[in-house]
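K.L.:
After the structure tokens below, expect a handful of questions from me.
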Amino acid sequence: MFEIRSSPENGKGLFATQAITLGDRLIQEKPIISLNYEEDDGEEWMYRLYKEFTNLSREDQVKYRNLPHKLEHSLDKIRSYLHRRYGLKGEVLEIVAKSWNKLASIWSTNNVGLVTGRIGLLDGQEHTGVFLTHPRINHSCVPNTTWSVDDVRKTIKVTAIRDIAVGEEITISYINTERPSHIRKADLERYSLECLCKACSGLGKDISDQNRQRLWELKAMFWIYEEGSEDLQEDLPADLPADRRINDNEEALKLASEFVDLLKAEGLLGVEAIHGYNRLKDYIPPADDYEGYKKANRQFMEYRRMFLDVPSGN
Ligand SMILES: [Zn+2]
């Protein structure tokens with residue numbers, strides 16, 4: 001379905017070798033290494049990473065070491081840990097520290113929180129894993145695939161969110177895309193990435209920024225309305241007026257509909273669409289608009305089935 005090869009702009013990436021259709025599953029894989037951070041007192045995870053790594057077959061060790069690594073670890077920290085724990089010194093310390101540094105950098109760059117249905121990398125989650133194919137996919141803020149994690153089966157799934165032509169690069173988003181470009185730019189700095197997607201540098205950038213700023217605000221407004229709390233799970237847009245409130249379900253329905261329209265306009269119909277249509281169907285009163293309700297509910301179940309493998313029922 002795809003091959004890994006070099007692209008002029010992005011270095012190595014995944015490219016479609018056959019026509020891919022919306023809903024096609026491109027990747028479903030288990031982590032090559034997974035760690036549990038529970039009861040970790042700081043640096044111990046590096047030792048467990050090293051142990052897991054040495055348990056891999058030679059072939060998998062090579063594959064792991066070949067993964068991209070953009071986040072550097074503090075070599076000093078690793079040196080002092082190795083010295084403290086094993087009393088290593090001199091040349092041996094240097095060799096082991098460099099080797100651990102590479103394993104840890106690969107880990108930090110690529111690990112994914114193993115929590116169902118979440119989007120984005122989750123630092124500090126109890127269970128995280130590194131996968132072999134998933135990190136090979138380059139970032140776009142207008143990705144053509146979406147990904148989710150199944151914490152029961154401990155797998156990651158990558159699914160097409162639109163049709164992809166032969167030869168086209170397969171892309172994914174590393175960050176929260178419901179943000180204007182200056183915020184995304186800052187978020188991508190940790191990957192040393194400068195995104196050149198059409199939302200970041202295309203002709204429609206200004207409109208896209210407005211749309212995504214609005215998506216961000218709407219998410220915050222819904223959070224406050226539905227949870228009755230200003231303690232947002234995510235960061236609040238800086239210029240959201242403090243008195244901006246959704247007053248009733250009628251207003252919420254209008255805004256839920258606007259939210260879905262904005263997702264469509266921005267081509268963000270991945271896992272985000274599940275949340276969008278779920279909210280929309282929740283605010284359409286079936287007694288007033290049964291057809292509208294059915295349509296939104298059908299979309300919600302369809303996206304859930306495609307991206308999360310939840311059976312859609314009827
Ligand atoms: Zn971009």
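Residues are referred to by chain and number: the chain letter is A, B, ... according to the order shown in the structure tokens, the number counts from 1 in that chain, and ligands are numbered separately from 1 in the order shown.
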Residues up to 7 Å from ligand 1, counting only C-alpha atoms and all ligand atoms: could you list those as a tab-separated table (two decimals) with N, CA and C atoms, in the first residue's frame?

P.N.:
```tsv
chain	number	residue	atom	x	y	z
A	140	SER	N	1.96	16.89	8.72
A	140	SER	CA	1.31	17.99	8.01
A	140	SER	C	0.17	18.48	8.90
A	141	CYS	N	-0.12	19.79	8.85
A	141	CYS	CA	-1.27	20.32	9.59
A	141	CYS	C	-2.56	20.08	8.80
A	142	VAL	N	-2.42	19.59	7.57
A	142	VAL	CA	-3.57	19.15	6.78
A	142	VAL	C	-3.30	17.69	6.40
A	195	CYS	N	6.99	23.48	9.25
A	195	CYS	CA	5.98	22.87	8.38
A	195	CYS	C	5.71	23.78	7.19
A	196	LEU	N	5.66	23.16	6.01
A	196	LEU	CA	5.40	23.93	4.79
A	196	LEU	C	4.06	23.53	4.17
A	197	CYS	N	3.16	23.00	4.98
A	197	CYS	CA	1.86	22.56	4.45
A	197	CYS	C	1.07	23.79	4.01
A	198	LYS	N	-0.04	23.54	3.32
A	198	LYS	CA	-0.78	24.69	2.77
A	198	LYS	C	-1.41	25.56	3.86
A	199	ALA	N	-1.68	24.97	5.05
A	199	ALA	CA	-2.23	25.78	6.14
A	199	ALA	C	-1.16	26.66	6.78
A	200	CYS	N	0.10	26.27	6.63
A	200	CYS	CA	1.20	27.04	7.24
A	200	CYS	C	1.78	28.06	6.27
```

K.L.:
List the neighbours of range 282-285 of chain A out to 8 Å using only C-alpha atoms; skip same-chain residues closer than 4 positions along the sequence, and give me the result as a PDB file with C-alpha atoms, in the first residue's frame.

P.N.:
```
ATOM      1  CA  ASN A 249     -28.554  24.314  24.053  1.00  0.00           C
ATOM      2  CA  GLU A 250     -30.011  26.227  21.147  1.00  0.00           C
ATOM      3  CA  ALA A 252     -24.738  25.268  21.503  1.00  0.00           C
ATOM      4  CA  LEU A 253     -26.355  23.566  18.502  1.00  0.00           C
ATOM      5  CA  ALA A 256     -21.603  22.644  17.183  1.00  0.00           C
ATOM      6  CA  ASN A 278     -20.828  13.402  18.621  1.00  0.00           C
ATOM      7  CA  ASP A 289     -35.293  17.513  13.620  1.00  0.00           C
ATOM      8  CA  TYR A 290     -35.230  13.756  13.423  1.00  0.00           C
ATOM      9  CA  GLY A 292     -30.813  15.997  11.062  1.00  0.00           C
ATOM     10  CA  TYR A 293     -30.251  14.011  14.217  1.00  0.00           C
TER      11      TYR A 293
END
```

K.L.:
Using only C-alpha atoms, determine which residues lie at most 10 Å from Ile33 in chain A, disregarding the query and same-chain residues fewer than 6 positions distant; provide the list as a list of chain:residue names.

P.N.:
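Listed by chain and then number, they are A:Leu49, A:Glu52, A:Phe53, A:Asn55, A:Leu56, A:Tyr64, A:Trp107, A:Asn111, A:Thr128, A:Gly129, A:Val130, A:Phe131, A:Leu132.
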
K.L.:
Which distance in Å separates CA of Thr146 in chain A and CA of Asp206 in chain A, to one decimal?

P.N.:
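Atom-to-atom, CA of Thr146 in chain A to CA of Asp206 in chain A, that is 24.1 Å.
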
K.L.:
Using only C-alpha atoms for the distances, tell me which of A:Asp163, A:Glu302, A:Glu178, A:Glu258 is nearest to Thr21 in chain A.

P.N.:
A:Asp163

K.L.:
In terms of the shortest atom-to-atom distance over only C-alpha atoms, which of A:Gly87, A:Gly113, A:Pro180, A:Pro31 is closest to Pro237 in chain A?

P.N.:
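Between A:Gly87, A:Gly113, A:Pro180, A:Pro31, the residue approaching Pro237 in chain A most closely is A:Pro180.
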
K.L.:
Write out as number ranges by chain each polymer residue whose atoms come within 9 Å of Asn10 in chain A, counting only C-alpha atoms; drop sequence neighbours fewer than 4 positions from it.

P.N.:
A: 6, 138-139

K.L.:
If you run DSSP on the backbone here, which positions in range 42-161 of chain A get strand (DSSP E or B)? Please write them as a VMD selection string.

P.N.:
chain A and resid 112 to 113 127 to 130 138 to 139 145 to 150 155 to 160

K.L.:
From the options A:Ile4, A:Pro311, A:Leu269, A:Thr17, which residue's atoms come nearest to Arg162 in chain A, counting only C-alpha atoms?

P.N.:
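Answer, going by the shortest atom-to-atom distance: A:Leu269.
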
K.L.:
Interatomic distance between CA of Ser173 in chain A and CA of Phe259 in chain A?

P.N.:
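Computing it gives 19.1 Å between the two atoms.
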
K.L.:
For a test of reading the model, state the distance in Å between CA of Lys102 in chain A and CA of Asn66 in chain A, rounded to one decimal.

P.N.:
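It comes out at 10.2 Å.
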
K.L.:
Considering only C-alpha atoms, state which residue in the set A:Arg179, A:Asp150, A:Asn297, A:Ser229 is at the smallest distance from Glu217 in chain A.

P.N.:
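Using only C-alpha atoms, Glu217 in chain A sits closest to A:Arg179.
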
K.L.:
Using only C-alpha atoms, which residue out of A:Ala19, A:Arg279, A:His182, A:Thr171 lies closest to Trp223 in chain A?

P.N.:
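Ranked by minimum distance to Trp223 in chain A, first place goes to A:Arg279.
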
K.L.:
Hey, what's within 10 Å of Asn101 in chain A if we count only C-alpha atoms and toss same-chain stuff fewer than 5 positions away? As a ChimeraX atom specification, please?

P.N.:
/A:46,72-79,95-96,106-107

K.L.:
Can you spit out the residues from that selection as a compact mmCIF listing (two decimals), in the first residue's frame, using C-alpha atoms?

P.N.:
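Once everything was written out, this is out.txt:
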```txt
# COMPACT_ATOMS: atom_id res chain seq x y z
CA MET A 46 16.48 4.58 30.81
CA GLU A 72 18.39 15.21 22.31
CA HIS A 73 18.83 14.07 25.85
CA SER A 74 21.19 15.58 28.33
CA LEU A 75 24.37 13.55 28.00
CA ASP A 76 25.52 14.98 31.35
CA LYS A 77 22.48 13.58 33.12
CA ILE A 78 23.05 10.15 31.59
CA ARG A 79 26.74 10.21 32.54
CA ILE A 95 30.92 4.84 25.33
CA VAL A 96 27.95 3.58 27.37
CA ILE A 106 14.93 7.85 19.87
CA TRP A 107 12.56 7.04 22.70
```

K.L.:
As a ChimeraX atom specification, which residues of range 167-251 of chain A does DSSP assign to helix (DSSP H, G or I)?

P.N.:
/A:181-191,198-201,205-227,249-251
